[in-house]
>>> print(open('entry.csv').read())   # CSV, N, CA and C atoms
chain,number,residue,atom,x,y,z
A,499,GLY,N,13.9,30.7,11.3
A,499,GLY,CA,13.6,30.0,12.5
A,499,GLY,C,13.3,28.5,12.2
A,500,VAL,N,12.8,27.9,13.2
A,500,VAL,CA,12.6,26.4,13.1
A,500,VAL,C,11.5,26.1,12.0
A,501,ALA,N,10.5,26.9,11.9
A,501,ALA,CA,9.4,26.6,11.0
A,501,ALA,C,9.9,26.5,9.6
A,502,ALA,N,10.8,27.4,9.2
A,502,ALA,CA,11.3,27.5,7.9
A,502,ALA,C,12.1,26.3,7.5
A,503,THR,N,12.9,25.7,8.4
A,503,THR,CA,13.7,24.6,8.1
A,503,THR,C,12.9,23.3,8.1
A,504,ALA,N,11.8,23.3,8.8
A,504,ALA,CA,10.9,22.1,8.9
A,504,ALA,C,10.1,21.9,7.7
A,505,SER,N,9.7,23.0,7.0
A,505,SER,CA,8.8,22.9,5.8
A,505,SER,C,9.6,22.5,4.6
A,506,PRO,N,9.1,21.6,3.8
A,506,PRO,CA,9.9,21.1,2.6
A,506,PRO,C,10.1,22.3,1.6
A,507,SER,N,11.2,22.2,1.0
A,507,SER,CA,11.5,23.2,-0.1
A,507,SER,C,10.6,22.9,-1.3
A,508,PRO,N,10.4,23.9,-2.2
A,508,PRO,CA,9.6,23.7,-3.4
A,508,PRO,C,10.1,22.5,-4.2
A,509,ALA,N,11.5,22.3,-4.2
A,509,ALA,CA,12.0,21.2,-4.9
A,509,ALA,C,11.5,19.8,-4.4
A,510,ALA,N,11.3,19.8,-3.1
A,510,ALA,CA,10.9,18.5,-2.4
A,510,ALA,C,9.4,18.2,-2.8
A,511,LEU,N,8.7,19.2,-3.3
A,511,LEU,CA,7.3,19.0,-3.7
A,511,LEU,C,7.2,18.8,-5.2
A,512,ALA,N,8.3,18.9,-5.9
A,512,ALA,CA,8.2,18.7,-7.4
A,512,ALA,C,7.8,17.3,-7.7
A,513,PRO,N,6.9,17.1,-8.7
A,513,PRO,CA,6.4,15.8,-9.0
A,513,PRO,C,7.5,14.8,-9.3
A,514,SER,N,8.6,15.2,-9.9
A,514,SER,CA,9.7,14.2,-10.2
A,514,SER,C,10.3,13.6,-9.0
A,515,SER,N,10.1,14.3,-7.8
A,515,SER,CA,10.8,13.8,-6.6
A,515,SER,C,9.8,12.9,-5.8
A,516,ALA,N,8.7,12.6,-6.3
A,516,ALA,CA,7.8,11.7,-5.6
A,516,ALA,C,7.9,10.3,-6.0
A,517,PRO,N,8.0,9.4,-5.0
A,517,PRO,CA,8.1,7.9,-5.3
A,517,PRO,C,6.9,7.5,-6.2
A,518,GLY,N,5.7,8.0,-6.0
A,518,GLY,CA,4.6,7.6,-6.8
A,518,GLY,C,4.7,7.9,-8.2
A,519,VAL,N,5.3,9.0,-8.5
A,519,VAL,CA,5.5,9.4,-9.9
A,519,VAL,C,6.5,8.5,-10.6
A,520,THR,N,7.5,8.1,-9.9
A,520,THR,CA,8.4,7.1,-10.4
A,520,THR,C,7.7,5.8,-10.7
A,521,VAL,N,6.8,5.3,-9.8
A,521,VAL,CA,6.1,4.1,-10.0
A,521,VAL,C,5.2,4.2,-11.3
A,522,GLU,N,4.5,5.4,-11.4
A,522,GLU,CA,3.7,5.6,-12.6
A,522,GLU,C,4.5,5.5,-13.9
A,523,ASN,N,5.7,6.1,-13.9
A,523,ASN,CA,6.6,6.1,-15.0
A,523,ASN,C,7.1,4.7,-15.3
A,524,VAL,N,7.4,3.9,-14.3
A,524,VAL,CA,7.9,2.6,-14.4
A,524,VAL,C,6.8,1.7,-15.1
A,525,VAL,N,5.6,1.8,-14.6
A,525,VAL,CA,4.5,1.0,-15.1
A,525,VAL,C,4.3,1.4,-16.6
A,526,LEU,N,4.4,2.6,-16.9
A,526,LEU,CA,4.2,3.1,-18.3
A,526,LEU,C,5.3,2.5,-19.2
A,527,ALA,N,6.5,2.5,-18.6
A,527,ALA,CA,7.7,2.0,-19.4
A,527,ALA,C,7.5,0.5,-19.6
A,528,CYS,N,7.0,-0.2,-18.6
A,528,CYS,CA,6.7,-1.6,-18.7
A,528,CYS,C,5.6,-1.9,-19.8
A,529,ARG,N,4.6,-1.0,-19.7
A,529,ARG,CA,3.5,-1.1,-20.7
A,529,ARG,C,3.9,-1.0,-22.1
A,530,GLU,N,4.8,0.0,-22.3
A,530,GLU,CA,5.3,0.3,-23.6
A,530,GLU,C,6.5,-0.6,-24.0
A,531,LYS,N,6.9,-1.4,-23.0
A,531,LYS,CA,8.1,-2.2,-23.2
A,531,LYS,C,9.3,-1.4,-23.7
A,532,ASP,N,9.5,-0.3,-23.0
A,532,ASP,CA,10.6,0.6,-23.3
A,532,ASP,C,11.7,0.3,-22.4
A,533,ALA,N,12.7,-0.5,-22.8
A,533,ALA,CA,13.8,-1.0,-21.9
A,533,ALA,C,14.6,0.2,-21.4
A,534,ASP,N,15.0,1.1,-22.3
A,534,ASP,CA,15.8,2.3,-21.8
A,534,ASP,C,15.1,3.1,-20.8
A,535,ARG,N,13.8,3.4,-21.1
A,535,ARG,CA,13.1,4.2,-20.1
A,535,ARG,C,13.0,3.5,-18.8
A,536,LEU,N,12.7,2.2,-18.8
A,536,LEU,CA,12.5,1.5,-17.6
A,536,LEU,C,13.9,1.5,-16.8
A,537,ARG,N,15.0,1.3,-17.5
A,537,ARG,CA,16.3,1.2,-16.9
A,537,ARG,C,16.6,2.6,-16.3
A,538,SER,N,16.1,3.7,-16.8
A,538,SER,CA,16.4,5.0,-16.2
A,538,SER,C,15.8,5.2,-14.8
A,539,PHE,N,14.8,4.3,-14.5
A,539,PHE,CA,14.2,4.4,-13.2
A,539,PHE,C,14.6,3.3,-12.2
A,540,VAL,N,15.7,2.6,-12.6
A,540,VAL,CA,16.2,1.6,-11.7
A,540,VAL,C,17.6,2.0,-11.2
A,541,ALA,N,17.9,2.0,-9.9
A,541,ALA,CA,19.1,2.5,-9.4
A,541,ALA,C,20.3,1.6,-9.7
A,542,THR,N,20.1,0.3,-10.0
A,542,THR,CA,21.1,-0.6,-10.2
A,542,THR,C,21.2,-1.0,-11.7
A,543,PRO,N,22.4,-1.4,-12.2
A,543,PRO,CA,22.5,-1.8,-13.6
A,543,PRO,C,21.6,-3.0,-13.9
A,544,VAL,N,20.9,-2.9,-15.1
A,544,VAL,CA,20.0,-4.0,-15.5
A,544,VAL,C,20.4,-4.4,-16.9
A,545,SER,N,20.5,-5.7,-17.1
A,545,SER,CA,20.9,-6.2,-18.4
A,545,SER,C,19.7,-6.3,-19.3
A,546,ASP,N,20.0,-6.3,-20.6
A,546,ASP,CA,19.0,-6.4,-21.6
A,546,ASP,C,18.2,-7.7,-21.5
A,547,GLU,N,18.9,-8.7,-21.1
A,547,GLU,CA,18.3,-10.1,-21.0
A,547,GLU,C,17.2,-10.0,-19.9
A,548,ASP,N,17.6,-9.4,-18.8
A,548,ASP,CA,16.7,-9.3,-17.6
A,548,ASP,C,15.4,-8.5,-18.0
A,549,VAL,N,15.6,-7.4,-18.7
A,549,VAL,CA,14.5,-6.6,-19.1
A,549,VAL,C,13.6,-7.3,-20.1
A,550,LEU,N,14.2,-8.0,-21.1
A,550,LEU,CA,13.4,-8.7,-22.1
A,550,LEU,C,12.7,-9.9,-21.5
A,551,ALA,N,13.3,-10.5,-20.5
A,551,ALA,CA,12.7,-11.7,-19.8
A,551,ALA,C,11.4,-11.2,-19.0
A,552,LEU,N,11.6,-10.0,-18.4
A,552,LEU,CA,10.5,-9.4,-17.7
A,552,LEU,C,9.3,-9.1,-18.7
A,553,PHE,N,9.7,-8.4,-19.8
A,553,PHE,CA,8.6,-8.0,-20.7
A,553,PHE,C,7.9,-9.2,-21.3
A,554,ALA,N,8.6,-10.3,-21.4
A,554,ALA,CA,8.0,-11.5,-22.0
A,554,ALA,C,7.0,-12.2,-21.2
A,555,ARG,N,6.9,-11.8,-19.9
A,555,ARG,CA,6.0,-12.4,-18.9
A,555,ARG,C,4.6,-12.0,-19.1
A,556,GLY,N,4.3,-10.8,-19.8
A,556,GLY,CA,3.0,-10.4,-20.0
A,556,GLY,C,2.8,-9.5,-21.2
A,557,THR,N,1.6,-9.2,-21.6
A,557,THR,CA,1.3,-8.4,-22.7
A,557,THR,C,1.0,-7.0,-22.4
A,558,ASP,N,0.4,-6.8,-21.2
A,558,ASP,CA,0.0,-5.4,-20.8
A,558,ASP,C,-0.1,-5.3,-19.3
A,559,VAL,N,0.1,-4.1,-18.8
A,559,VAL,CA,0.0,-3.9,-17.4
A,559,VAL,C,-0.6,-2.5,-17.1
A,560,ILE,N,-1.5,-2.4,-16.2
A,560,ILE,CA,-2.1,-1.1,-15.8
A,560,ILE,C,-2.0,-0.9,-14.3
A,561,LEU,N,-1.6,0.3,-13.9
A,561,LEU,CA,-1.5,0.6,-12.5
A,561,LEU,C,-2.9,0.9,-11.9
A,562,LYS,N,-3.3,0.1,-11.0
A,562,LYS,CA,-4.6,0.2,-10.4
A,562,LYS,C,-4.6,1.0,-9.1
A,563,GLY,N,-3.5,1.0,-8.4
A,563,GLY,CA,-3.4,1.7,-7.2
A,563,GLY,C,-2.0,1.7,-6.6
A,564,GLU,N,-1.6,2.7,-5.8
A,564,GLU,CA,-0.3,2.7,-5.2
A,564,GLU,C,-0.4,3.4,-3.8
A,565,MET,N,0.4,2.9,-2.9
A,565,MET,CA,0.4,3.6,-1.6
A,565,MET,C,1.9,3.7,-1.2
A,566,PRO,N,2.5,4.9,-1.5
A,566,PRO,CA,3.9,5.1,-1.2
A,566,PRO,C,4.1,5.5,0.3
A,567,GLU,N,5.2,5.0,0.9
A,567,GLU,CA,5.6,5.4,2.2
A,567,GLU,C,7.0,5.7,2.2
A,568,ALA,N,7.3,7.0,2.3
A,568,ALA,CA,8.7,7.5,2.2
A,568,ALA,C,9.3,7.7,3.6
A,569,ARG,N,10.5,7.3,3.9
A,569,ARG,CA,11.2,7.6,5.1
A,569,ARG,C,12.6,8.1,4.7
A,570,GLY,N,12.8,9.4,4.7
A,570,GLY,CA,14.1,9.9,4.3
A,570,GLY,C,14.3,9.7,2.8
A,571,ASP,N,15.4,9.0,2.5
A,571,ASP,CA,15.8,8.8,1.1
A,571,ASP,C,15.4,7.4,0.7
A,572,ARG,N,14.6,6.7,1.5
A,572,ARG,CA,14.1,5.3,1.1
A,572,ARG,C,12.6,5.4,1.1
A,573,ALA,N,12.0,4.6,0.2
A,573,ALA,CA,10.5,4.5,0.2
A,573,ALA,C,10.1,3.1,-0.2
A,574,THR,N,9.0,2.7,0.3
A,574,THR,CA,8.3,1.5,-0.2
A,574,THR,C,7.0,1.8,-0.7
A,575,VAL,N,6.6,1.2,-1.8
A,575,VAL,CA,5.3,1.5,-2.4
A,575,VAL,C,4.5,0.1,-2.6
A,576,ASP,N,3.3,0.1,-2.0
A,576,ASP,CA,2.4,-1.0,-2.2
A,576,ASP,C,1.8,-0.7,-3.6
A,577,VAL,N,2.0,-1.6,-4.5
A,577,VAL,CA,1.5,-1.4,-5.9
A,577,VAL,C,0.5,-2.4,-6.2
A,578,ARG,N,-0.6,-2.0,-6.8
A,578,ARG,CA,-1.7,-2.9,-7.3
A,578,ARG,C,-1.7,-2.8,-8.8
A,579,LEU,N,-1.5,-3.9,-9.5
A,579,LEU,CA,-1.4,-3.9,-10.9
A,579,LEU,C,-2.4,-4.8,-11.5
A,580,GLU,N,-2.9,-4.5,-12.7
A,580,GLU,CA,-3.7,-5.3,-13.5
A,580,GLU,C,-2.9,-5.8,-14.6
A,581,VAL,N,-2.5,-7.1,-14.6
A,581,VAL,CA,-1.6,-7.7,-15.6
A,581,VAL,C,-2.4,-8.5,-16.6
A,582,ARG,N,-2.1,-8.4,-17.9
A,582,ARG,CA,-2.7,-9.2,-18.9
A,582,ARG,C,-1.7,-10.1,-19.5
A,583,ARG,N,-2.0,-11.4,-19.4
A,583,ARG,CA,-1.1,-12.4,-20.0
A,583,ARG,C,-1.9,-13.5,-20.6
A,584,ASP,N,-1.6,-13.9,-21.8
A,584,ASP,CA,-2.3,-15.0,-22.5
A,584,ASP,C,-3.8,-14.8,-22.5
A,585,GLY,N,-4.2,-13.6,-22.7
A,585,GLY,CA,-5.6,-13.3,-22.8
A,585,GLY,C,-6.3,-13.2,-21.4
A,586,GLU,N,-5.6,-13.5,-20.3
A,586,GLU,CA,-6.3,-13.5,-19.0
A,586,GLU,C,-5.8,-12.2,-18.3
A,587,ILE,N,-6.7,-11.7,-17.4
A,587,ILE,CA,-6.3,-10.5,-16.6
A,587,ILE,C,-6.2,-10.9,-15.2
A,588,GLU,N,-5.1,-10.5,-14.6
A,588,GLU,CA,-4.9,-10.9,-13.2
A,588,GLU,C,-4.5,-9.6,-12.4
A,589,THR,N,-5.1,-9.4,-11.2
A,589,THR,CA,-4.8,-8.3,-10.4
A,589,THR,C,-3.7,-8.8,-9.4
A,590,VAL,N,-2.6,-8.2,-9.4
A,590,VAL,CA,-1.5,-8.6,-8.5
A,590,VAL,C,-1.1,-7.4,-7.6
A,591,GLU,N,-0.6,-7.8,-6.4
A,591,GLU,CA,0.0,-6.8,-5.5
A,591,GLU,C,1.5,-7.0,-5.3
A,592,ARG,N,2.2,-5.9,-5.4
A,592,ARG,CA,3.7,-6.0,-5.3
A,592,ARG,C,4.1,-4.9,-4.2
A,593,LEU,N,5.3,-5.2,-3.7
A,593,LEU,CA,5.9,-4.2,-2.8
A,593,LEU,C,7.2,-3.8,-3.4
A,594,TRP,N,7.3,-2.6,-3.9
A,594,TRP,CA,8.5,-2.1,-4.5
A,594,TRP,C,9.3,-1.2,-3.6
A,595,GLU,N,10.6,-1.2,-3.6
A,595,GLU,CA,11.5,-0.4,-2.8
A,595,GLU,C,12.2,0.6,-3.7
A,596,LEU,N,12.2,1.9,-3.2
A,596,LEU,CA,12.8,2.9,-4.0
A,596,LEU,C,13.9,3.7,-3.1
A,597,GLU,N,14.8,4.3,-3.8
A,597,GLU,CA,15.7,5.2,-3.1
A,597,GLU,C,15.9,6.5,-3.9
A,598,ARG,N,16.1,7.6,-3.1
A,598,ARG,CA,16.2,8.9,-3.8
A,598,ARG,C,17.7,9.1,-4.1
A,599,GLY,N,18.0,9.4,-5.3
A,599,GLY,CA,19.4,9.6,-5.7
A,599,GLY,C,19.9,11.0,-5.4
A,600,ALA,N,21.2,11.2,-5.6
A,600,ALA,CA,21.8,12.5,-5.4
A,600,ALA,C,21.1,13.6,-6.2
A,601,ASP,N,20.5,13.2,-7.4
A,601,ASP,CA,19.8,14.2,-8.2
A,601,ASP,C,18.4,14.4,-7.8
A,602,GLY,N,18.0,13.8,-6.7
A,602,GLY,CA,16.6,14.0,-6.2
A,602,GLY,C,15.6,13.1,-6.8
A,603,VAL,N,16.0,12.3,-7.7
A,603,VAL,CA,15.0,11.4,-8.4
A,603,VAL,C,14.9,10.1,-7.7
A,604,TRP,N,13.6,9.7,-7.5
A,604,TRP,CA,13.4,8.4,-6.9
A,604,TRP,C,13.6,7.3,-7.9
A,605,ARG,N,14.3,6.2,-7.6
A,605,ARG,CA,14.5,5.1,-8.5
A,605,ARG,C,14.3,3.8,-7.7
A,606,LEU,N,13.8,2.8,-8.4
A,606,LEU,CA,13.6,1.4,-7.8
A,606,LEU,C,15.0,0.9,-7.5
A,607,THR,N,15.1,0.1,-6.4
A,607,THR,CA,16.4,-0.5,-6.0
A,607,THR,C,16.7,-1.7,-6.9
A,608,GLU,N,15.7,-2.2,-7.6
A,608,GLU,CA,16.0,-3.3,-8.5
A,608,GLU,C,14.9,-3.4,-9.6
A,609,LEU,N,15.1,-4.2,-10.6
A,609,LEU,CA,14.2,-4.3,-11.7
A,609,LEU,C,12.8,-4.7,-11.1
A,610,PRO,N,11.7,-4.0,-11.4
A,610,PRO,CA,10.4,-4.2,-10.8
A,610,PRO,C,9.7,-5.4,-11.4
A,611,ASP,N,9.0,-6.1,-10.6
A,611,ASP,CA,8.2,-7.3,-11.2
A,611,ASP,C,6.8,-6.7,-11.6
A,612,CYS,N,6.9,-6.0,-12.8
A,612,CYS,CA,5.7,-5.4,-13.2
A,612,CYS,C,4.8,-6.3,-14.1
A,613,TYR,N,5.2,-7.5,-14.2
A,613,TYR,CA,4.3,-8.5,-15.0
A,613,TYR,C,4.1,-9.7,-14.1
>>> encode(input="entry.csv", output="structure tokens")
Amino acid sequence: GVAATASPSPAALAPSSAPGVTVENVVLACREKDADRLRSFVATPVSDEDVLALFARGTDVILKGEMPEARGDRATVDVRLEVRRDGEIETVERLWELERGADGVWRLTELPDCY
């Protein structure tokens, strides 16, 4: 019936398919300055230069809060980050866009400004 098709399948509830999980992984990759890991969460090709330039902007980043809003295969996430650069700590707010790939994984539409 209608109720069965309206409720999400178990796959739709899996953590890996949530935009917020991608955001957490992205921030962790930024924190660890892991270019390959970060690149795996971005839907578009990203050059080493771009990733290294991004990593050079700060020394550490912590995810302080996120508010994902998904509509179909697109999502926006209001991200609050605590960025450490030059010994100073700054709290910044960003708006990241994500899209869900054919594999069901949410990825950022572009390299995130995580610093």
>>> atom_distance(input="entry.csv", atom1="atom CA of A:Met565", atom2="atom N of A:Arg529")
19.1 Å
>>> select_by_dssp(input="entry.csv", residues="chain A", states="strand (DSSP E)", output="MDAnalysis selection string")
chainID A and resid 558:569 572:583 586:598 604:606
>>> atom_distance(input="entry.csv", atom1="atom CA of A:Gly570", atom2="atom CA of A:Asp611")
23.9 Å
>>> residues_around(input="entry.csv", residues="stretch 549-563 of chain A", least_positions_apart="5", cutoff="6 Å", atoms="only C-alpha atoms", output="NGL selection string")
:A and (529 or 577-583 or 613)
>>> residues_around(input="entry.csv", residues="stretch 519-523 of chain A", least_positions_apart="3", cutoff="12 Å", atoms="only C-alpha atoms", output="compact mmCIF listing (two decimals) with N, CA and C atoms, in the frame of the given file")
# COMPACT_ATOMS: atom_id res chain seq x y z
N LEU A 511 8.70 19.20 -3.30
CA LEU A 511 7.30 19.00 -3.70
C LEU A 511 7.20 18.80 -5.20
N ALA A 512 8.30 18.90 -5.90
CA ALA A 512 8.20 18.70 -7.40
C ALA A 512 7.80 17.30 -7.70
N PRO A 513 6.90 17.10 -8.70
CA PRO A 513 6.40 15.80 -9.00
C PRO A 513 7.50 14.80 -9.30
N SER A 514 8.60 15.20 -9.90
CA SER A 514 9.70 14.20 -10.20
C SER A 514 10.30 13.60 -9.00
N SER A 515 10.10 14.30 -7.80
CA SER A 515 10.80 13.80 -6.60
C SER A 515 9.80 12.90 -5.80
N ALA A 516 8.70 12.60 -6.30
CA ALA A 516 7.80 11.70 -5.60
C ALA A 516 7.90 10.30 -6.00
N LEU A 526 4.40 2.60 -16.90
CA LEU A 526 4.20 3.10 -18.30
C LEU A 526 5.30 2.50 -19.20
N ALA A 527 6.50 2.50 -18.60
CA ALA A 527 7.70 2.00 -19.40
C ALA A 527 7.50 0.50 -19.60
N CYS A 528 7.00 -0.20 -18.60
CA CYS A 528 6.70 -1.60 -18.70
C CYS A 528 5.60 -1.90 -19.80
N ARG A 529 4.60 -1.00 -19.70
CA ARG A 529 3.50 -1.10 -20.70
C ARG A 529 3.90 -1.00 -22.10
N GLU A 530 4.80 0.00 -22.30
CA GLU A 530 5.30 0.30 -23.60
C GLU A 530 6.50 -0.60 -24.00
N LYS A 531 6.90 -1.40 -23.00
CA LYS A 531 8.10 -2.20 -23.20
C LYS A 531 9.30 -1.40 -23.70
N ASP A 532 9.50 -0.30 -23.00
CA ASP A 532 10.60 0.60 -23.30
C ASP A 532 11.70 0.30 -22.40
N ARG A 535 13.80 3.40 -21.10
CA ARG A 535 13.10 4.20 -20.10
C ARG A 535 13.00 3.50 -18.80
N LEU A 536 12.70 2.20 -18.80
CA LEU A 536 12.50 1.50 -17.60
C LEU A 536 13.90 1.50 -16.80
N ARG A 537 15.00 1.30 -17.50
CA ARG A 537 16.30 1.20 -16.90
C ARG A 537 16.60 2.60 -16.30
N SER A 538 16.10 3.70 -16.80
CA SER A 538 16.40 5.00 -16.20
C SER A 538 15.80 5.20 -14.80
N PHE A 539 14.80 4.30 -14.50
CA PHE A 539 14.20 4.40 -13.20
C PHE A 539 14.60 3.30 -12.20
N VAL A 540 15.70 2.60 -12.60
CA VAL A 540 16.20 1.60 -11.70
C VAL A 540 17.60 2.00 -11.20
N ALA A 541 17.90 2.00 -9.90
CA ALA A 541 19.10 2.50 -9.40
C ALA A 541 20.30 1.60 -9.70
N VAL A 559 0.10 -4.10 -18.80
CA VAL A 559 0.00 -3.90 -17.40
C VAL A 559 -0.60 -2.50 -17.10
N ILE A 560 -1.50 -2.40 -16.20
CA ILE A 560 -2.10 -1.10 -15.80
C ILE A 560 -2.00 -0.90 -14.30
N LEU A 561 -1.60 0.30 -13.90
CA LEU A 561 -1.50 0.60 -12.50
C LEU A 561 -2.90 0.90 -11.90
N LYS A 562 -3.30 0.10 -11.00
CA LYS A 562 -4.60 0.20 -10.40
C LYS A 562 -4.60 1.00 -9.10
N GLY A 563 -3.50 1.00 -8.40
CA GLY A 563 -3.40 1.70 -7.20
C GLY A 563 -2.00 1.70 -6.60
N GLU A 564 -1.60 2.70 -5.80
CA GLU A 564 -0.30 2.70 -5.20
C GLU A 564 -0.40 3.40 -3.80
N MET A 565 0.40 2.90 -2.90
CA MET A 565 0.40 3.60 -1.60
C MET A 565 1.90 3.70 -1.20
N PRO A 566 2.50 4.90 -1.50
CA PRO A 566 3.90 5.10 -1.20
C PRO A 566 4.10 5.50 0.30
N ALA A 573 12.00 4.60 0.20
CA ALA A 573 10.50 4.50 0.20
C ALA A 573 10.10 3.10 -0.20
N THR A 574 9.00 2.70 0.30
CA THR A 574 8.30 1.50 -0.20
C THR A 574 7.00 1.80 -0.70
N VAL A 575 6.60 1.20 -1.80
CA VAL A 575 5.30 1.50 -2.40
C VAL A 575 4.50 0.10 -2.60
N ASP A 576 3.30 0.10 -2.00
CA ASP A 576 2.40 -1.00 -2.20
C ASP A 576 1.80 -0.70 -3.60
N VAL A 577 2.00 -1.60 -4.50
CA VAL A 577 1.50 -1.40 -5.90
C VAL A 577 0.50 -2.40 -6.20
N ARG A 578 -0.60 -2.00 -6.80
CA ARG A 578 -1.70 -2.90 -7.30
C ARG A 578 -1.70 -2.80 -8.80
N LEU A 579 -1.50 -3.90 -9.50
CA LEU A 579 -1.40 -3.90 -10.90
C LEU A 579 -2.40 -4.80 -11.50
N ARG A 592 2.20 -5.90 -5.40
CA ARG A 592 3.70 -6.00 -5.30
C ARG A 592 4.10 -4.90 -4.20
N LEU A 593 5.30 -5.20 -3.70
CA LEU A 593 5.90 -4.20 -2.80
C LEU A 593 7.20 -3.80 -3.40
N TRP A 594 7.30 -2.60 -3.90
CA TRP A 594 8.50 -2.10 -4.50
C TRP A 594 9.30 -1.20 -3.60
N GLU A 595 10.60 -1.20 -3.60
CA GLU A 595 11.50 -0.40 -2.80
C GLU A 595 12.20 0.60 -3.70
N LEU A 596 12.20 1.90 -3.20
CA LEU A 596 12.80 2.90 -4.00
C LEU A 596 13.90 3.70 -3.10
N GLU A 597 14.80 4.30 -3.80
CA GLU A 597 15.70 5.20 -3.10
C GLU A 597 15.90 6.50 -3.90
N ARG A 598 16.10 7.60 -3.10
CA ARG A 598 16.20 8.90 -3.80
C ARG A 598 17.70 9.10 -4.10
N GLY A 602 18.00 13.80 -6.70
CA GLY A 602 16.60 14.00 -6.20
C GLY A 602 15.60 13.10 -6.80
N VAL A 603 16.00 12.30 -7.70
CA VAL A 603 15.00 11.40 -8.40
C VAL A 603 14.90 10.10 -7.70
N TRP A 604 13.60 9.70 -7.50
CA TRP A 604 13.40 8.40 -6.90
C TRP A 604 13.60 7.30 -7.90
N ARG A 605 14.30 6.20 -7.60
CA ARG A 605 14.50 5.10 -8.50
C ARG A 605 14.30 3.80 -7.70
N LEU A 606 13.80 2.80 -8.40
CA LEU A 606 13.60 1.40 -7.80
C LEU A 606 15.00 0.90 -7.50
N THR A 607 15.10 0.10 -6.40
CA THR A 607 16.40 -0.50 -6.00
C THR A 607 16.70 -1.70 -6.90
N LEU A 609 15.10 -4.20 -10.60
CA LEU A 609 14.20 -4.30 -11.70
C LEU A 609 12.80 -4.70 -11.10
N PRO A 610 11.70 -4.00 -11.40
CA PRO A 610 10.40 -4.20 -10.80
C PRO A 610 9.70 -5.40 -11.40
N ASP A 611 9.00 -6.10 -10.60
CA ASP A 611 8.20 -7.30 -11.20
C ASP A 611 6.80 -6.70 -11.60
N CYS A 612 6.90 -6.00 -12.80
CA CYS A 612 5.70 -5.40 -13.20
C CYS A 612 4.80 -6.30 -14.10
